[in-house]
Amino acid sequence: MTTLTTEVIGAGAPIGAARAAMVMVHGRGASARSILELAGAFDARDVAYIAPEAQSGSWYPYSFMSPISRNEPYLSNALQTLSGVVEDLEREGMPSERIVLLGFSQGACLALEFAARNARRFGGVIALSGGLIGPEGTPRNYSGSLAGTPVFLGCSDVDSHIPLTRVHEAMDVLRKLGGDVTEKIYPGMGHTIVQDEVDHVKKILSGIKAPESRT
């Protein structure tokens with residue numbers, strides 16, 4: 001299968017010394033470096049920030065609401081990329097309950113879909129303007145449990161890319177999977193990120209306490 005990842009870059013604390021790790025997933029037409037620029041807004045220097053980059057700036061070619069088959073094999077490759085990043089973090093001693101998944105736009109859709117398909121206790125799941133992948137009526141028969149994972153969904157009520165119903169669907173599905181879900185809808189915001197969303201991210205990061213020891 002064709003790989004979509006050209007590189008994985010990092011910022012912040014070294015993984016071996018970090019309190020937590022955040023996997024940051026960029027949107028269509030953006031880059032790993034551009035999403036990493038957001039890390040500075042979180043005021044958490046003891047967190048490791050990791051960002052994979054999609055080839056040509058896109059994780060999959062069509063809308064997240066297209067039939068899943070239209071976005072293959074790119075979608076499966078993109079999900080495997082996230083799986084590989086998480087597995088690498090775990091091998092380096094960062095357990096999933098200290099790993100936060102964050103994405104914006106297409107990256108938010110990918111992060112949500114990965115969390116649903118690989119449900120377990122994460123440090124957090126943050127989707128800024130995104131929804132679960134697939135057309136309306138897609139079965140959401142995910143297994144596993146998020147086991148109380150803090151989940152934040154932020155989106156505009158007039159986002160031209162993300163219908164509000166898809167944000168509500170993600171909220172319902174992730175709650176059924178055991179996530180502690182907060183949904184915030186911002187009137188007239190458009191397709192962007194605002195300070196209130198950043199504040200919610202900071203709250204999730206602050207809830208991950210430093211381990212007593214690292215081995």
# chains A, B, ... in the order shown; residues from 1 in each chain; ligands from 1
>>> select_by_dssp(residues="stretch 39-211 of chain A", states="strand (DSSP E or B)", output="ChimeraX atom specification")
/A:47-54,99-104,119,124-128,144,150-156,180-186
>>> closest_atom_pairs(of="stretch 144-211 of chain A", to="stretch 93-115 of chain A", cutoff="12 Å", atoms="only C-alpha atoms", output="Markdown table")
| residue | atom | partner | partner_atom | distance |
| --- | --- | --- | --- | --- |
| A:Gly144 | CA | A:Ala115 | CA | 10.0 |
| A:Ser145 | CA | A:Ala115 | CA | 9.7 |
| A:Leu146 | CA | A:Ala115 | CA | 8.1 |
| A:Ala147 | CA | A:Glu97 | CA | 9.8 |
| A:Gly148 | CA | A:Glu97 | CA | 10.1 |
| A:Thr149 | CA | A:Glu97 | CA | 8.0 |
| A:Pro150 | CA | A:Val100 | CA | 9.3 |
| A:Val151 | CA | A:Leu101 | CA | 9.4 |
| A:Phe152 | CA | A:Leu102 | CA | 9.3 |
| A:Leu153 | CA | A:Ala108 | CA | 9.1 |
| A:Gly154 | CA | A:Phe104 | CA | 9.7 |
| A:Cys155 | CA | A:Ser105 | CA | 9.5 |
| A:Ser156 | CA | A:Ser105 | CA | 11.5 |
| A:Asp159 | CA | A:Ser105 | CA | 10.2 |
| A:Ser160 | CA | A:Ser105 | CA | 11.0 |
| A:His161 | CA | A:Ser105 | CA | 8.1 |
| A:Ile162 | CA | A:Ser105 | CA | 8.1 |
| A:Pro163 | CA | A:Ser105 | CA | 11.9 |
| A:Arg166 | CA | A:Cys109 | CA | 10.2 |
| A:Val167 | CA | A:Cys109 | CA | 9.9 |
| A:Glu169 | CA | A:Leu112 | CA | 11.4 |
| A:Ala170 | CA | A:Leu112 | CA | 7.8 |
| A:Met171 | CA | A:Leu112 | CA | 10.2 |
| A:Val173 | CA | A:Leu112 | CA | 10.2 |
| A:Leu174 | CA | A:Leu112 | CA | 8.7 |
| A:Leu177 | CA | A:Ala115 | CA | 9.9 |
| A:Gly178 | CA | A:Ala115 | CA | 11.6 |
| A:Gly179 | CA | A:Ala115 | CA | 10.1 |
| A:Gly190 | CA | A:Ser105 | CA | 11.5 |
| A:His191 | CA | A:Ser105 | CA | 7.9 |
| A:Thr192 | CA | A:Phe104 | CA | 8.5 |
| A:Ile193 | CA | A:Phe104 | CA | 8.3 |
| A:Val194 | CA | A:Phe104 | CA | 11.8 |
| A:Glu197 | CA | A:Phe104 | CA | 11.2 |
| A:Val198 | CA | A:Leu102 | CA | 11.2 |
| A:His200 | CA | A:Leu102 | CA | 11.8 |
| A:Val201 | CA | A:Leu102 | CA | 8.9 |
| A:Lys202 | CA | A:Val100 | CA | 11.3 |
| A:Ile204 | CA | A:Val100 | CA | 8.6 |
| A:Leu205 | CA | A:Val100 | CA | 8.0 |
| A:Ser206 | CA | A:Arg98 | CA | 11.2 |
| A:Gly207 | CA | A:Arg98 | CA | 10.0 |
| A:Ile208 | CA | A:Arg98 | CA | 6.7 |
| A:Lys209 | CA | A:Arg98 | CA | 8.8 |
| A:Ala210 | CA | A:Arg98 | CA | 9.4 |
| A:Pro211 | CA | A:Arg98 | CA | 9.5 |
